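*Asks:* Provided herewith is a single structure, encoded as structure tokens, for subsequent inquiry.
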Amino acid sequence: MIKKIKGTNDIVENTYIWEWVEDKFKEVAKRFGFSEIRTPIFEATELFNRGVGKETDIVQKEMYTFEDKGGRSITLRPEGTAPVMRAFVEHSLASKGLPQKFFYLGPMFRYERPQAGRLRQFHQYGIELIGSSLPVADAYTILVAVEILKAVGLENFKLKINSTGCQKCRAGYKKALKEYYRPLLNNLCDDCKRRYDRNVLRLLDCKRDAEYAKSAPNILDYLCDDCKAHFNELKSLLDTLNIEYEVDPSIVRGLDYYTRTVFEIKYPSLGAQDAIIGGGRYDNLIEELGGAPTPSVGFAVGMERIMLALTSEGKLPSPRGVDLYVVTVGDEQRADALKISRELSKYMRVDIDLMGRKLKAQFSNASRENARYVLVIGEEEVKSGLYTLKRMSDRTQMKLSIDEVVMEIKGKRRLESFEQENTTFGS
RNA sequence: GUGGUUGUAGCUCAAUUGGUAGAGCGUCGGACUGUGGAUCCGGAUGUUGCGGGUUCGAUCCCCGCCAGCCACCCCA
């Protein structure tokens, strides 16, 4: 048997839940003035080297990179921001006026050891607010993130924010960090020893050496006046919105493009993979990709993790069945049933027996599919043009013309000519 | 990539110191000849994850691989 590739997933019985979540997300984003952007699933490798950063784990060890037949180095997108920014630059979208607000939704690829909530092909939903450096843009972005979680019914999440400063103040902070860690170097784990030279900031979120991080210098003490003012205003805007947050100086995030604001939303009961939303500000990214300097903010939501959170909270929607299941008494009515199904499918969701089952089995099938009504077609019905319609919830039956069937099911009005039988079968 | 753990029917799980598989649920059919979720009865389905090894004999022991899960790394 050929099986799915490690770290991938078939979404088969839960597609309706995915649709529901995706619809909520799209709806919220649109309500806040964002419109959808769709970029390719693969890009030139160089985009991520430059955009995400050569020293990040994503680029170092997690990318699905291959050479195509033309000898180009191609990479399956590991995240959504760099491609959106590439498209922004490529289509000169700045000329359409700023800000530009986009949302995206789709599969991302990272070569990692799979776990619950961590797949090699996973799905992210994200938004990008391009063009504004004001703290109100950060607040707006965080607001949308929170609204999205609320829209799907999630409440037990925690927002953590931090500022990583700009290039100016970060330089001073990095220096202070190095000084702090230098005497401790021998006690650090191997990874941290490596990080010391490559990216000192990363030392802060190491779980093994978390003790040292506690008393390390705090980035917030090193922010320049502009960055400090930016961060303070963001906090006061969040306060105004009554959005609860915790300032956590250990949040540095693994992508190199972040400047100033970074934030994470965690859902603590998920275990090790508890980050359901991650985002922040990237004021240098577009310039890095060859565009004019354009500040941006955004975030990404992990769809699989949202699903896990919804499941653990029991907030899953129930599947919607068909409105009407068409049933035939004998084989002779099959053609009529087909014609009637075609007609009624113009007005409602319809299903029909395709297995040649007996009447009883057809009814079982209708209930299993949560059909609201069953339309019985037998000899009498075909002859009279009045069909037996059964409302499954209370087993009420009535004899109706096709027009009347539509009106009953669509619930528009009740006709005088309805001939209620009120018969109940079975039980 | 590192460490640990698990892998039996579609699903959840059984199988006494190694003697070559069973239950519940589901599915299909019947009791019910034009009526569903209940009840009763009956049928079907497994190369016990894959490949080797030890053994007279392996679901059980050993090795390798694959996959899931947990933690690390890191992140959504």
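Going by the structure tokens order, chains are called A, B, ..., each with residues numbered from 1, while ligands are numbered from 1 in the order shown.
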Would you mind listing, as a CSV table (one decimal) with N, CA, C and O atoms, in the first residue's frame, all residues of chain A that have at least one atom within 6 Å of chain B, where only C-alpha atoms (C1' of nucleotides) are what counts?
*Replies:*
```
chain,number,residue,atom,x,y,z
A,276,ILE,N,0.0,29.4,18.8
A,276,ILE,CA,-0.9,29.3,17.7
A,276,ILE,C,-0.9,30.5,16.7
A,276,ILE,O,-1.3,30.4,15.6
A,301,VAL,N,-1.1,32.4,11.6
A,301,VAL,CA,-1.8,31.4,12.4
A,301,VAL,C,-1.5,30.0,12.0
A,301,VAL,O,-1.6,29.8,10.8
A,302,GLY,N,-1.3,29.1,12.9
A,302,GLY,CA,-1.1,27.7,12.6
A,302,GLY,C,-2.5,27.0,12.6
A,302,GLY,O,-3.1,26.8,13.6
A,329,VAL,N,-39.3,3.7,-4.0
A,329,VAL,CA,-39.9,2.5,-3.5
A,329,VAL,C,-39.4,1.3,-4.3
A,329,VAL,O,-39.1,0.2,-3.8
A,363,PHE,N,-33.7,4.8,3.9
A,363,PHE,CA,-34.1,5.7,5.0
A,363,PHE,C,-32.9,5.7,6.0
A,363,PHE,O,-32.6,6.8,6.6
A,364,SER,N,-32.3,4.6,6.3
A,364,SER,CA,-31.2,4.5,7.3
A,364,SER,C,-30.1,5.4,6.8
A,364,SER,O,-29.5,6.2,7.6
A,367,SER,N,-30.9,9.1,7.4
A,367,SER,CA,-30.6,9.5,8.8
A,367,SER,C,-29.2,9.6,9.1
A,367,SER,O,-28.7,10.5,9.8
```
*Asks:* Based on the backbone DSSP call, show me all residues of range 82-331 of chain A assigned strand (DSSP E), as a count of residues only.
*Replies:* 55
*Asks:* For each of A:Thr56, A:Asp283, A:Ser393, A:Glu62, take the minimum atom-to-atom distance to Leu119 in chain A, counting only C-alpha atoms, then give the residue where this is smallest.
*Replies:*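 Comparing A:Thr56, A:Asp283, A:Ser393, A:Glu62 against Leu119 in chain A, the winner is A:Glu62.
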*Asks:* Taking only C-alpha atoms into account, which of A:Gln60, A:Thr75, A:Ser384, A:Ser296 comes nearest Phe42 in chain A?
*Replies:* A:Thr75
*Asks:* To one decimal place, how far is CA of Met1 in chain A from C1' of U47 in chain B in Å?
*Replies:*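 Spanning CA of Met1 in chain A to C1' of U47 in chain B is a straight-line distance of 12.0 Å.
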*Asks:* Find the residue from A:Val12, A:Leu93, A:Ala139, A:Val382 that sits nearest to Thr240 in chain A; use only C-alpha atoms when measuring.
*Replies:*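 Result for the nearest residue to Thr240 in chain A: A:Ala139.
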*Asks:* Applying 12 Å and only C-alpha atoms (C1' of nucleotides), which residues near G19 in chain B remain after dropping the ones on its own chain fewer than 6 positions away? List them as a PDB file with N, CA and C atoms (P, O5', C5', C4', C3', O3' and C1' of nucleotides), in the first residue's frame.
*Replies:*
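Output (result22.pdb):
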```
ATOM      1  P     U B  55      18.240 -21.521  15.241  1.00  0.00           P
ATOM      2  O5'   U B  55      16.825 -21.907  15.859  1.00  0.00           O
ATOM      3  C5'   U B  55      16.661 -22.058  17.267  1.00  0.00           C
ATOM      4  C4'   U B  55      15.209 -22.240  17.594  1.00  0.00           C
ATOM      5  C3'   U B  55      14.484 -23.295  16.773  1.00  0.00           C
ATOM      6  O3'   U B  55      14.702 -24.595  17.279  1.00  0.00           O
ATOM      7  C1'   U B  55      13.174 -21.322  16.893  1.00  0.00           C
ATOM      8  P     C B  56      14.990 -25.811  16.224  1.00  0.00           P
ATOM      9  O5'   C B  56      13.549 -26.058  15.584  1.00  0.00           O
ATOM     10  C5'   C B  56      13.427 -26.831  14.376  1.00  0.00           C
ATOM     11  C4'   C B  56      11.969 -27.077  14.081  1.00  0.00           C
ATOM     12  C3'   C B  56      11.094 -25.829  14.084  1.00  0.00           C
ATOM     13  O3'   C B  56      11.131 -25.175  12.825  1.00  0.00           O
ATOM     14  C1'   C B  56      10.068 -27.498  15.400  1.00  0.00           C
ATOM     15  P     G B  57      11.250 -23.587  12.770  1.00  0.00           P
ATOM     16  O5'   G B  57       9.879 -23.085  13.381  1.00  0.00           O
ATOM     17  C5'   G B  57       8.667 -23.246  12.634  1.00  0.00           C
ATOM     18  C4'   G B  57       7.477 -22.934  13.495  1.00  0.00           C
ATOM     19  C3'   G B  57       7.443 -21.541  14.104  1.00  0.00           C
ATOM     20  O3'   G B  57       6.941 -20.580  13.184  1.00  0.00           O
ATOM     21  C1'   G B  57       6.903 -23.123  15.769  1.00  0.00           C
ATOM     22  P     A B  58       7.449 -19.092  13.264  1.00  0.00           P
ATOM     23  O5'   A B  58       6.953 -18.543  14.685  1.00  0.00           O
ATOM     24  C5'   A B  58       5.561 -18.434  14.998  1.00  0.00           C
ATOM     25  C4'   A B  58       5.307 -17.077  15.622  1.00  0.00           C
ATOM     26  C3'   A B  58       5.528 -15.903  14.667  1.00  0.00           C
ATOM     27  O3'   A B  58       4.636 -14.854  14.994  1.00  0.00           O
ATOM     28  C1'   A B  58       7.029 -15.738  16.473  1.00  0.00           C
ATOM     29  P     C B  60       6.459 -11.213  16.978  1.00  0.00           P
ATOM     30  O5'   C B  60       6.353 -11.118  18.568  1.00  0.00           O
ATOM     31  C5'   C B  60       6.206  -9.852  19.226  1.00  0.00           C
ATOM     32  C4'   C B  60       5.954 -10.097  20.680  1.00  0.00           C
ATOM     33  C3'   C B  60       7.102 -10.786  21.398  1.00  0.00           C
ATOM     34  O3'   C B  60       7.309 -10.193  22.672  1.00  0.00           O
ATOM     35  C1'   C B  60       5.131 -12.096  21.584  1.00  0.00           C
TER      36        C B  60
END
```
*Asks:* Find the spatial neighbours of Ile142 in chain A, counting only C-alpha atoms (C1' of nucleotides), within a cut-off of 12 Å - ignore same-chain residues fewer than 4 positions away - and output them as a PyMOL selection string.
*Replies:* chain A and resi 29+32+126-129+135-138+146-149+159-161+234-235+237-238+241-245+261-265+277-281+297-301
*Asks:* What's around U48 in chain B at 9 Å? Count only C-alpha atoms (C1' of nucleotides), leave out sequence neighbours fewer than 6 positions away in its own chain, and write the answer as JSON, numbers by chain.
*Replies:* {"B": [8, 21, 59]}
*Asks:* Need to verify the contact set: range 49-53 of chain B, 8 Å, only C-alpha atoms (C1' of nucleotides), exclusion of same-chain residues closer than 6 positions in sequence. Can you return it as a PyMOL selection string?
*Replies:* chain B and resi 7+62-67
*Asks:* Mind the document's chain letters and residue numbers, and return as a ChimeraX atom specification the residues of range 340-385 of chain A that DSSP labels helix (DSSP H, G or I).
*Replies:* /A:340-344,359-368,379-384
*Asks:* Could you name the residues that touch Val326 in chain A at 6 Å or less, counting only C-alpha atoms (C1' of nucleotides), but leaving out those on the same chain fewer than 6 positions away, as a list in words?
*Replies:*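 Non-adjacent residues within range: Ile352, Val374 and Leu375 of chain A.
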*Asks:* Please produce a file of the residues just selected, as a compact mmCIF listing (two decimals), in the first residue's frame, where the atoms kept are N, CA and C atoms.
*Replies:*
```
# COMPACT_ATOMS: atom_id res chain seq x y z
N ILE A 352 -29.34 11.27 -3.04
CA ILE A 352 -30.21 10.24 -3.59
C ILE A 352 -29.49 8.90 -3.44
N VAL A 374 -36.98 13.55 3.85
CA VAL A 374 -36.87 12.49 2.86
C VAL A 374 -38.07 12.61 1.93
N LEU A 375 -37.81 12.51 0.65
CA LEU A 375 -38.89 12.53 -0.34
C LEU A 375 -39.06 11.12 -0.86
```
